[in-house]
Structure formats: C-alpha cells, structure tokens
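> Here you go, one structure.
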Amino acid sequence: MGDRRRDPVSIRDDGSQDLYDVSEWEVRSWLDRVAWFCYAALVYSLRGFVVLAAIAILLSQFLVGGLGALANPVLGVFTVLSAIPALALAAYAWYTDVTTKEPLALLVATFALGVLFASFAGVANSGLGPAVQGIGSGFLASIVGTVLFYFLVVGPVEEGVKLLSVRLVAYRSDRFDAVIDGAVYGAVAGLGFATIENALYITQNADAGVTVANAVMEAGSITFLRSLAGPGHVIYSAFAGYYLGLAKFNREHTGPIVIKGLIVASLIHATYNTLVGVVPAVVSVLTGVSPLLAFLGFVLVYDGVFGALLLRKFNAYERAYERAHANEVPDPELTEFDP
C-alpha cells in the first residue's frame, strides 16, 4: 500500500543514488527553506485568520447579539448548569478511552474552538435558512423547507464546524495517536458548541435586566430544555470525530472516511431536529401525558439509542485493543528491577 505513494524510481532504488529533486525531496538548500517557510506561514496565517474571524463574530454577539447578558450572574450560572449533562457525557467518553488519556491542554483547546466556531454555524444558518425554508408557499412547502433546512444546512454546517474544532489543533498533535481519540475530541468539541448555544438560547429568552427572582423564573425552564439538548451535540460530534480518527490512520481513504462521519453525524442531528417538534406533540395528544414529559421521554429515548450505538463503537475498539495487546511480550528492561 505504501508503494502506491512512491515514484517508480524510488521504489526500485537500492539506496545508491541521491534522488533529491529527482523523485524525492527534503529541505536542503536556501530555496527549500524559503519554500518551507512560505508554506508554513501560509498555513498558520490561514488558521489564525479562521480563529480571529470566529472571535470577531463571537464578540459581536456579546455586543449586539445578547451574549452580553451573561454578565448577569444568574444567567451565567444557568448557562453552566445547562452544560452539566453534556459535560458528564464528554467526561464519560474521555474515561472510557482505553488508550492513553488525552491531555488537558488539548481538551481545553478543542472545547474553546468548539465555542468559537459555533459562531460560523450561526452565520451560515441565518444566511442560508431563509433561502432553503422559503422554497415555496403554503403549509406543506413550509414543512418541506424546514426539513430540508435541517438536513442540508443545520446538520452538515454544525457538525462540520465541530469537526473543524478537532481538526485544527488536536488532530495535528502526536497525542492524537489512536482512532478512538477522535471520538473523545469530537465529544469535547460538541460540549463547547452546546455550551455557547445554550448561552445564546438562555440570554435571548430571558430578560437579564430584571430582578434576580424574575430572571430565575424566566431562565429556569429554558435551562432545563437546553440541558437536554446538550448531550445530543456531544453524541453527534463524537460519531464524526470517531471517523476523523479512522481517517487519520487510513490516509489512502481519508476524504471518504471523513465525509462518511459527517454524513452519519448530520443525519442523526437533522433527524432529531425534525422529530423533536412532532413526536412529543403526537405522543402527548395520544397518551394524555404532559407535553414536557413527552419531550423528556423523546429526548431520553433518542439520545439513548444513538448513545448506545456510540458505546458499541467504543466497546468494539476496546475489544480489538485488548486482543492486539493480549500476546504482547513485556519489555524486560521495563518490568525487571533490582531488589
């Protein structure tokens, strides 16, 4: 498989020839160093531009988009509380990683990028939403437009920016050294995305300028609802992250594997968005249970099903990992010691 990425001259060379600038290349001359420097500067400048753009959008949301209301300590506390279920799920993904545990610095960086890049999703959803949802007039057309919006815009865009949060830093690290690490970092990116999304919903649906008592009343219900939505983001992006990890160690199929992960995550995400407004209402009418209880039941069942499927992937990887190490011969220099 490796020979497919080598020139025929390199494949057949016995090591007696200097193939620099013939069929192989390395940094030797001053021009090589200039080329390498220019490429590195371009790459890092592009990454820096992406991060700065995300920061600019996020700051604008603080100034004119309502996030400034987080200065109200009550709303800030509710935002933190809303993220606890998603945090617990991401922490569980980290705990169940049978390989070396991922470092805190990379986890924090991925979380921060998940927060920042959520702003890109907000811009894309706002810009593309009217075009997709307004495909026609009438009740049926509005339903079709909304469903298309979820499947063609919301799912792919939101899962794409969360995957970018992993790809930009953690993916490039040597500590990202196993397929399963992709799921862990994906879960953390989902946690970051869910946290800032919860903050937006809470601040936009609660008046931060009123008394503490009124703020509590206004923010409490939306906090409860957002706390149920957060774990879904963690699950979706953990699926996409898992396939990103698979792609890292299967370079000959990197593109299709990454796309498969995005498709899986986007479909799960968009299906949730489509059903969550319909199924609980139907269940409430047919069974007589309260709409809130029906909503809670739907979320628990939906996230439970796909959470179980994600756990199966973790378990399958764990079994393969244990089998791969079952017959490993310990290094005597590491196991023996002088009493």
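Chain lettering (A, B, ...) mirrors the order of the structure tokens, residue numbering begins at 1 for each chain separately, and ligand numbering begins at 1 in order of display.
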Could you name the residues that touch Ala194 of chain A at 10 Å or less, counting only C-alpha atoms, but leaving out those on the same chain fewer than 3 positions away, as a PyMOL selection string?
chain A and resi 82-83+86-87+114-115+118+188-191+197-200+226-227+229-234
> Only all heavy atoms, please: the residues just picked out, written as a tab-separated table (two decimals), in the first residue's frame.

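The result, written out as selection.tsv:
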```tsv
chain	number	residue	atom	x	y	z
A	82	SER	N	-26.78	24.32	32.51
A	82	SER	CA	-27.33	23.70	31.30
A	82	SER	C	-26.33	22.80	30.60
A	82	SER	O	-26.70	21.92	29.83
A	82	SER	CB	-27.81	24.79	30.32
A	82	SER	OG	-26.70	25.47	29.75
A	83	ALA	N	-25.03	23.05	30.85
A	83	ALA	CA	-23.98	22.27	30.18
A	83	ALA	C	-23.57	21.03	30.96
A	83	ALA	O	-22.78	20.22	30.45
A	83	ALA	CB	-22.75	23.16	29.94
A	86	ALA	N	-24.13	17.50	29.27
A	86	ALA	CA	-23.20	17.32	28.15
A	86	ALA	C	-21.78	17.12	28.66
A	86	ALA	O	-21.01	16.31	28.12
A	86	ALA	CB	-23.25	18.54	27.22
A	87	LEU	N	-21.40	17.84	29.71
A	87	LEU	CA	-20.08	17.68	30.31
A	87	LEU	C	-19.90	16.28	30.86
A	87	LEU	O	-18.85	15.65	30.67
A	87	LEU	CB	-19.89	18.71	31.43
A	87	LEU	CG	-18.62	18.55	32.28
A	87	LEU	CD1	-17.38	18.70	31.44
A	87	LEU	CD2	-18.62	19.56	33.43
A	114	GLY	N	-14.56	24.77	19.88
A	114	GLY	CA	-15.97	24.43	19.71
A	114	GLY	C	-16.87	25.61	20.04
A	114	GLY	O	-17.88	25.85	19.37
A	115	VAL	N	-16.49	26.36	21.08
A	115	VAL	CA	-17.24	27.57	21.44
A	115	VAL	C	-17.10	28.62	20.34
A	115	VAL	O	-18.10	29.21	19.89
A	115	VAL	CB	-16.72	28.14	22.78
A	115	VAL	CG1	-17.31	29.52	23.04
A	115	VAL	CG2	-17.05	27.19	23.93
A	118	ALA	N	-18.74	27.83	16.80
A	118	ALA	CA	-20.21	27.83	16.78
A	118	ALA	C	-20.73	29.09	16.11
A	118	ALA	O	-21.82	29.10	15.53
A	118	ALA	CB	-20.76	27.71	18.21
A	188	VAL	N	-15.75	16.52	23.07
A	188	VAL	CA	-15.39	17.78	23.73
A	188	VAL	C	-15.75	18.97	22.85
A	188	VAL	O	-16.22	20.00	23.35
A	188	VAL	CB	-13.89	17.78	24.08
A	188	VAL	CG1	-13.45	19.15	24.60
A	188	VAL	CG2	-13.58	16.70	25.11
A	189	ALA	N	-15.55	18.85	21.54
A	189	ALA	CA	-15.97	19.92	20.63
A	189	ALA	C	-17.49	20.11	20.70
A	189	ALA	O	-17.98	21.25	20.69
A	189	ALA	CB	-15.55	19.59	19.21
A	190	GLY	N	-18.23	19.01	20.79
A	190	GLY	CA	-19.67	19.10	20.94
A	190	GLY	C	-20.07	19.78	22.23
A	190	GLY	O	-21.05	20.53	22.28
A	191	LEU	N	-19.30	19.53	23.30
A	191	LEU	CA	-19.55	20.19	24.58
A	191	LEU	C	-19.37	21.70	24.45
A	191	LEU	O	-20.20	22.47	24.95
A	191	LEU	CB	-18.61	19.63	25.65
A	191	LEU	CG	-18.59	20.36	26.99
A	191	LEU	CD1	-19.95	20.26	27.67
A	191	LEU	CD2	-17.50	19.77	27.90
A	197	GLU	N	-24.18	27.55	22.57
A	197	GLU	CA	-25.55	27.55	22.04
A	197	GLU	C	-26.55	27.70	23.18
A	197	GLU	O	-27.52	28.45	23.06
A	197	GLU	CB	-25.81	26.26	21.26
A	197	GLU	CG	-27.16	26.26	20.56
A	197	GLU	CD	-27.40	24.99	19.75
A	197	GLU	OE1	-27.57	23.93	20.39
A	197	GLU	OE2	-27.42	25.06	18.52
A	198	ASN	N	-26.30	27.00	24.28
A	198	ASN	CA	-27.17	27.15	25.45
A	198	ASN	C	-27.16	28.59	25.95
A	198	ASN	O	-28.20	29.14	26.32
A	198	ASN	CB	-26.72	26.21	26.57
A	198	ASN	CG	-26.99	24.75	26.26
A	198	ASN	OD1	-27.62	24.43	25.25
A	198	ASN	ND2	-26.51	23.87	27.11
A	199	ALA	N	-25.96	29.19	25.98
A	199	ALA	CA	-25.85	30.57	26.45
A	199	ALA	C	-26.69	31.50	25.59
A	199	ALA	O	-27.37	32.40	26.10
A	199	ALA	CB	-24.39	31.00	26.44
A	200	LEU	N	-26.66	31.29	24.27
A	200	LEU	CA	-27.44	32.13	23.36
A	200	LEU	C	-28.94	31.96	23.61
A	200	LEU	O	-29.68	32.95	23.67
A	200	LEU	CB	-27.10	31.78	21.91
A	200	LEU	CG	-25.81	32.35	21.36
A	200	LEU	CD1	-25.45	31.70	20.03
A	200	LEU	CD2	-25.93	33.87	21.18
A	226	ARG	N	-32.52	23.23	27.46
A	226	ARG	CA	-31.20	23.23	26.82
A	226	ARG	C	-30.29	22.17	27.42
A	226	ARG	O	-29.42	21.64	26.73
A	226	ARG	CB	-30.55	24.61	26.95
A	226	ARG	CG	-31.25	25.71	26.21
A	226	ARG	CD	-31.56	25.35	24.78
A	226	ARG	NE	-30.37	24.88	24.06
A	226	ARG	CZ	-30.40	24.35	22.85
A	226	ARG	NH1	-31.53	24.17	22.22
A	226	ARG	NH2	-29.27	23.98	22.26
A	227	SER	N	-30.46	21.86	28.68
A	227	SER	CA	-29.64	20.81	29.29
A	227	SER	C	-29.92	19.45	28.65
A	227	SER	O	-29.05	18.57	28.63
A	227	SER	CB	-29.89	20.74	30.80
A	227	SER	OG	-31.19	20.25	31.08
A	229	ALA	N	-30.73	19.20	25.39
A	229	ALA	CA	-30.22	19.26	24.02
A	229	ALA	C	-28.72	19.07	23.96
A	229	ALA	O	-28.18	18.57	22.96
A	229	ALA	CB	-30.60	20.59	23.38
A	230	GLY	N	-28.01	19.47	25.01
A	230	GLY	CA	-26.55	19.41	25.01
A	230	GLY	C	-25.96	18.03	24.75
A	230	GLY	O	-25.04	17.89	23.92
A	231	PRO	N	-26.42	16.98	25.45
A	231	PRO	CA	-25.84	15.65	25.21
A	231	PRO	C	-25.94	15.20	23.76
A	231	PRO	O	-25.08	14.47	23.27
A	231	PRO	CB	-26.68	14.74	26.13
A	231	PRO	CG	-27.10	15.65	27.24
A	231	PRO	CD	-27.35	16.98	26.58
A	232	GLY	N	-26.97	15.63	23.06
A	232	GLY	CA	-27.09	15.28	21.65
A	232	GLY	C	-25.91	15.80	20.85
A	232	GLY	O	-25.34	15.07	20.02
A	233	HIS	N	-25.52	17.04	21.09
A	233	HIS	CA	-24.37	17.60	20.38
A	233	HIS	C	-23.11	16.78	20.64
A	233	HIS	O	-22.29	16.57	19.73
A	233	HIS	CB	-24.15	19.05	20.80
A	233	HIS	CG	-25.02	20.03	20.10
A	233	HIS	ND1	-24.96	20.23	18.73
A	233	HIS	CD2	-26.00	20.86	20.55
A	233	HIS	CE1	-25.84	21.15	18.38
A	233	HIS	NE2	-26.49	21.55	19.45
A	234	VAL	N	-22.95	16.33	21.87
A	234	VAL	CA	-21.78	15.52	22.20
A	234	VAL	C	-21.80	14.20	21.44
A	234	VAL	O	-20.78	13.77	20.88
A	234	VAL	CB	-21.73	15.26	23.73
A	234	VAL	CG1	-20.63	14.26	24.08
A	234	VAL	CG2	-21.51	16.57	24.48
```
> Show me, as a ChimeraX atom specification, the residues that have an atom within 10 Å of segment 93-110 of chain A when counting only C-alpha atoms, minus same-chain residues fewer than 6 positions from it.
/A:87,116,162-171,173,175-181,183-192,234-235,238,310-311,314-315,317-319,321-322
> Which residue, A:Trp36, A:Phe295, A:Tyr92, A:Phe193, has the smallest gap to Ala112 of chain A when you use only C-alpha atoms?
A:Phe193
> Considering only C-alpha atoms, state which residue in the set A:Val157, A:Leu75, A:Cys38, A:Ala141 is at the smallest distance from Ile263 of chain A.
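Counting only C-alpha atoms, the residue closest to Ile263 of chain A is A:Val157.
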> Calculated over only C-alpha atoms, which of the candidates A:Ile268, A:Leu228, A:Ala294, A:Ala40 has the smallest distance to Pro280 of chain A?
A:Ala294
> Output as a count of residues only all residues of segment 197-286 of chain A that backbone DSSP marks as alpha helix (DSSP H).
76
